[in-house]
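Undergrad: Have a look at the structure that comes next, please.
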There are 2 protein chains.
Amino acid sequence: MSNFRKQFNKGVLELGIMKLLVEQDQYGYSLIEEIHSRSGGIIELKDGTLYPILYRLEDQKWIESYWETQTGRGKPRKYYRITESGKQRFEDMLEDYLDVNLGIQKIIKH
Amino acid sequence: MSNFRKQFNKGVLELGIMKLLVEQDQYGYSLIEEIHSRSGGIIELKDGTLYPILYRLEDQKWIESYWETQTGRGKPRKYYRITESGKQRFEDMLEDYLDVNLGIQKIIKH
DNA sequence: CAATATACCTTGTAATACAAAGTAACTTAT
DNA sequence: ATAAGTTACTTTGTATTACAAGGTATATTG
């Protein structure tokens, strides 16, 4: 992946993950798929990127996890749910993201 | 500055700097002011951030520099001008930025 | 003369996306 | 039944980069 693409992803991925978790509990693998499909295939989140993000968010108590065994078959899945402080954090991040975005748009569209 | 704010800045600052240099030659200090004013005061670029970016861009031959002495008085200023390959790089970056942006917008606005 | 603004530069730190590797269970095709 | 593929989670190491905090030096203003 191009290096500037990586740079633009910074922070944005965390924001996207938080947003999906605000909507509903999800497990890691489903987050990868959701990010991909809902972004229209534009954003690809690698598993080696996702899991460290999830552990980070959990360390900060912005999300919590619980294991869920599949009925009958299927590997157990580790679900994540957002906490109250996580919701606040998401709001803060979103605001900052929109701000930066607005600022850079003004510079670019000239 | 908040940490997520920093993250959102990654890459975006380089993009903004390149955009301003596509428009016209500028020296470091003026870039800081332009980024600030044109973003409506939203984006603040620190000098300790700017200069390393400029050296990086110059190493890659995306920009070139030249000193200009001020008529009569005033410190000499180091101006930067974008190169041909720099213009191409800017186009590539812009495309990637708009892509990522579109992708994340789709996830967020739901 | 002191304070402020202009202008440039350097070092060290923290954050984080990715590549690459691994483990393991389940599913599908041959 | 076996091999190959998919699902699912984990870890280690690397590269990038924005910032804080320090510095130098000249010019302007009170």
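Scheme for the structure tokens: letters A, B, ... for chains in order shown; per-chain residue numbers from 1; ligand numbers from 1 in order shown.
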Find the residues around stretch 17-27 of chain D up to 12 Å (only C-alpha atoms (C1' of nucleotides) counted), leave out those fewer than 2 positions away in its own chain, and share them as an MDAnalysis selection string.

TA: (chainID A and resid 3:4 6:8 10) or (chainID B and resid 1:14 44:53 56 70 72:77) or (chainID C and resid 4:17) or (chainID D and resid 15 29)

Undergrad: If you run DSSP on this backbone, which residues of stretch 35-91 of chain A come out as strand (DSSP E or B), and could you give them as a list of chain:residue names?

TA: A:Ile63, A:Glu64, A:Ser65, A:Tyr66, A:Trp67, A:Glu68, A:Arg77, A:Lys78, A:Tyr79, A:Tyr80, A:Arg81, A:Ile82

Undergrad: What are the DSSP alpha helix (DSSP H) residues of stretch 17-80 of chain B, as a ChimeraX atom specification?

TA: /B:17-23,28-38,47-59

Undergrad: Select, as a short mmCIF file (atom, residue, chain, number, x, y, z; two decimals) with C-alpha atoms (C1' of nucleotides), in the first residue's frame, those residues of chain D with any atom no more than 9 Å from chain A (distances computed using only C-alpha atoms (C1' of nucleotides)).

TA:
data_model
loop_
_atom_site.label_atom_id
_atom_site.label_comp_id
_atom_site.auth_asym_id
_atom_site.auth_seq_id
_atom_site.Cartn_x
_atom_site.Cartn_y
_atom_site.Cartn_z
"C1'" DT D 7 -12.49 -17.98 9.23
"C1'" DA D 8 -10.57 -16.02 13.38
"C1'" DC D 9 -7.35 -14.45 16.49
"C1'" DT D 10 -2.37 -13.16 17.92
"C1'" DT D 16 6.69 7.02 9.18
"C1'" DT D 17 5.65 11.28 11.08
#

Undergrad: Suppose you want the space between atom CA of A:Tyr80 and atom CA of A:Asp25; what is it in Å?

TA: 5.5 Å

Undergrad: D:DA4: which residues within 10 Å, counting only C-alpha atoms (C1' of nucleotides), same-chain residues fewer than 3 positions away excluded, as a ChimeraX atom specification?

TA: /C:28-30

Undergrad: For chain C, which residue among B:Tyr97, B:Trp62, B:Tyr55, B:Phe90 is the nearest when counting only C-alpha atoms (C1' of nucleotides)?

TA: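 Looking only at the distances to chain C, the closest residue turns out to be B:Tyr55.
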
Undergrad: I need the contact residues of chain B against chain A, so if you could list those with any atom within 10 Å, counting only C-alpha atoms, and return them as a PyMOL selection string, that would help.

TA: chain B and resi 2-20+23+34-44+89+92-110

Undergrad: Would you mind exporting C-alpha atoms of the selected residues as an mmCIF file, in the first residue's frame?

TA:
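Result file out-v1.cif:
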data_model
loop_
_atom_site.group_PDB
_atom_site.id
_atom_site.type_symbol
_atom_site.label_atom_id
_atom_site.label_comp_id
_atom_site.auth_asym_id
_atom_site.auth_seq_id
_atom_site.Cartn_x
_atom_site.Cartn_y
_atom_site.Cartn_z
ATOM 1 C CA SER B 2 -4.999 15.952 21.436
ATOM 2 C CA ASN B 3 -3.533 12.763 20.189
ATOM 3 C CA PHE B 4 -6.253 11.914 17.696
ATOM 4 C CA ARG B 5 -5.995 15.393 16.308
ATOM 5 C CA LYS B 6 -2.326 14.675 15.637
ATOM 6 C CA GLN B 7 -3.223 11.448 13.927
ATOM 7 C CA PHE B 8 -5.711 13.118 11.633
ATOM 8 C CA ASN B 9 -3.034 15.598 10.697
ATOM 9 C CA LYS B 10 -0.751 12.892 9.413
ATOM 10 C CA GLY B 11 -0.282 13.166 5.709
ATOM 11 C CA VAL B 12 -2.853 15.935 5.520
ATOM 12 C CA LEU B 13 -0.271 18.556 6.397
ATOM 13 C CA GLU B 14 2.041 17.377 3.667
ATOM 14 C CA LEU B 15 -0.878 17.517 1.256
ATOM 15 C CA GLY B 16 -1.716 21.080 2.266
ATOM 16 C CA ILE B 17 1.871 22.219 1.953
ATOM 17 C CA MET B 18 2.163 20.700 -1.503
ATOM 18 C CA LYS B 19 -1.075 22.367 -2.559
ATOM 19 C CA LEU B 20 0.164 25.792 -1.496
ATOM 20 C CA GLU B 23 -0.025 27.588 -6.380
ATOM 21 C CA GLU B 34 -1.148 30.362 5.038
ATOM 22 C CA ILE B 35 -2.114 26.954 6.393
ATOM 23 C CA HIS B 36 -3.507 28.652 9.445
ATOM 24 C CA SER B 37 -5.419 31.416 7.732
ATOM 25 C CA ARG B 38 -6.735 29.460 4.779
ATOM 26 C CA SER B 39 -7.986 26.660 6.998
ATOM 27 C CA GLY B 40 -9.957 29.257 8.897
ATOM 28 C CA GLY B 41 -7.710 28.928 11.910
ATOM 29 C CA ILE B 42 -8.524 25.254 12.264
ATOM 30 C CA ILE B 43 -5.205 23.756 11.266
ATOM 31 C CA GLU B 44 -2.113 24.868 13.072
ATOM 32 C CA ARG B 89 3.079 13.347 -6.376
ATOM 33 C CA ASP B 92 -1.461 11.059 -6.439
ATOM 34 C CA MET B 93 -1.724 12.128 -2.830
ATOM 35 C CA LEU B 94 -4.845 14.122 -3.468
ATOM 36 C CA GLU B 95 -6.525 11.199 -5.135
ATOM 37 C CA ASP B 96 -5.703 8.908 -2.250
ATOM 38 C CA TYR B 97 -6.845 11.480 0.251
ATOM 39 C CA LEU B 98 -10.179 11.967 -1.467
ATOM 40 C CA ASP B 99 -10.632 8.212 -1.680
ATOM 41 C CA VAL B 100 -9.994 7.578 1.988
ATOM 42 C CA ASN B 101 -12.167 10.522 2.833
ATOM 43 C CA LEU B 102 -15.062 9.280 0.766
ATOM 44 C CA GLY B 103 -14.716 5.844 2.306
ATOM 45 C CA ILE B 104 -14.788 7.055 5.858
ATOM 46 C CA GLN B 105 -17.656 9.443 5.164
ATOM 47 C CA LYS B 106 -19.726 6.500 4.028
ATOM 48 C CA ILE B 107 -19.029 4.711 7.288
ATOM 49 C CA ILE B 108 -19.628 7.707 9.503
ATOM 50 C CA LYS B 109 -22.754 9.100 7.904
ATOM 51 C CA HIS B 110 -25.125 6.267 8.535
#

Undergrad: Would you mind reading off the distance between atom CA of A:Gln26 and atom CA of A:Tyr79, one decimal, in Å?

TA: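 Between atom CA of A:Gln26 and atom CA of A:Tyr79 the gap works out to 5.2 Å.
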
Undergrad: Select residues of chain C: the criterion is any atom within 12 Å of an atom of chain A, counting only C-alpha atoms (C1' of nucleotides); output as a CSV table (one decimal) with N, CA and C atoms (P, O5', C5', C4', C3', O3' and C1' of nucleotides), in the first residue's frame.

TA:
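What follows is the written file selection.csv:
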chain,number,residue,atom,x,y,z
C,15,DA,P,1.6,7.6,23.3
C,15,DA,O5',1.1,7.5,21.8
C,15,DA,C5',0.8,8.7,21.1
C,15,DA,C4',0.6,8.4,19.6
C,15,DA,C3',-0.3,7.1,19.4
C,15,DA,O3',-1.4,7.5,18.6
C,15,DA,C1',1.8,7.0,18.1
C,16,DT,P,-2.5,6.4,18.4
C,16,DT,O5',-2.1,5.6,17.0
C,16,DT,C5',-1.9,6.4,15.9
C,16,DT,C4',-1.3,5.4,14.8
C,16,DT,C3',-2.0,4.1,14.8
C,16,DT,O3',-2.2,3.7,13.4
C,16,DT,C1',0.3,3.8,14.8
C,17,DA,P,-3.8,3.6,12.9
C,17,DA,O5',-3.5,2.9,11.4
C,17,DA,C5',-2.9,3.7,10.4
C,17,DA,C4',-2.1,2.9,9.5
C,17,DA,C3',-2.7,1.5,9.1
C,17,DA,O3',-2.6,1.4,7.7
C,17,DA,C1',-0.5,1.2,10.1
C,18,DC,P,-3.2,0.0,7.1
C,18,DC,O5',-1.9,-0.9,6.9
C,18,DC,C5',-0.8,-0.2,6.3
C,18,DC,C4',0.4,-1.1,6.4
C,18,DC,C3',0.2,-2.6,6.0
C,18,DC,O3',0.8,-2.8,4.8
C,18,DC,C1',1.5,-2.4,8.0
C,19,DA,P,0.5,-4.2,4.0
C,19,DA,O5',1.9,-5.0,4.2
C,19,DA,C5',3.1,-4.3,4.2
C,19,DA,C4',4.2,-5.2,4.7
C,19,DA,C3',4.1,-6.7,4.2
C,19,DA,O3',5.4,-7.2,3.9
C,19,DA,C1',4.1,-6.6,6.6
C,20,DA,P,5.5,-8.6,3.1
C,20,DA,O5',5.8,-9.6,4.3
C,20,DA,C5',6.7,-9.2,5.4
C,20,DA,C4',6.7,-10.3,6.5
C,20,DA,C3',6.3,-11.7,6.0
C,20,DA,O3',7.2,-12.6,6.5
C,20,DA,C1',5.0,-11.0,7.9
C,21,DA,P,7.3,-14.1,5.9
C,21,DA,O5',6.9,-15.0,7.2
C,21,DA,C5',7.6,-14.9,8.4
C,21,DA,C4',6.7,-15.1,9.6
C,21,DA,C3',5.9,-16.4,9.5
C,21,DA,O3',6.7,-17.5,10.0
C,21,DA,C1',4.7,-14.6,10.5
C,22,DG,P,6.1,-19.0,10.0
C,22,DG,O5',5.1,-19.1,11.2
C,22,DG,C5',5.6,-18.7,12.5
C,22,DG,C4',4.4,-18.6,13.4
C,22,DG,C3',3.5,-19.8,13.5
C,22,DG,O3',3.7,-20.6,14.7
C,22,DG,C1',2.2,-17.8,13.4
C,24,DA,P,-1.7,-24.4,18.3
C,24,DA,O5',-3.2,-24.4,17.7
C,24,DA,C5',-4.1,-23.5,18.2
C,24,DA,C4',-5.4,-23.5,17.4
C,24,DA,C3',-5.9,-24.9,16.9
C,24,DA,O3',-7.2,-25.0,17.5
C,24,DA,C1',-6.0,-23.3,15.2
C,25,DA,P,-7.8,-26.5,17.6
C,25,DA,O5',-9.2,-26.2,16.9
C,25,DA,C5',-10.0,-25.2,17.3
C,25,DA,C4',-11.0,-24.8,16.2
C,25,DA,C3',-11.7,-25.9,15.6
C,25,DA,O3',-13.1,-25.6,15.6
C,25,DA,C1',-10.7,-24.7,13.9
C,26,DC,P,-14.2,-26.7,15.6
C,26,DC,O5',-14.9,-26.4,14.1
C,26,DC,C5',-15.4,-25.1,13.8
C,26,DC,C4',-15.3,-24.9,12.4
C,26,DC,C3',-16.1,-25.8,11.5
C,26,DC,O3',-17.2,-25.2,10.9
C,26,DC,C1',-14.0,-25.3,10.5
C,27,DT,P,-18.3,-26.0,10.0
C,27,DT,O5',-17.8,-25.8,8.6
C,27,DT,C5',-17.5,-24.4,8.1
C,27,DT,C4',-17.1,-24.5,6.6
C,27,DT,C3',-18.0,-25.4,5.7
C,27,DT,O3',-18.3,-24.6,4.6
C,27,DT,C1',-15.7,-26.0,5.5
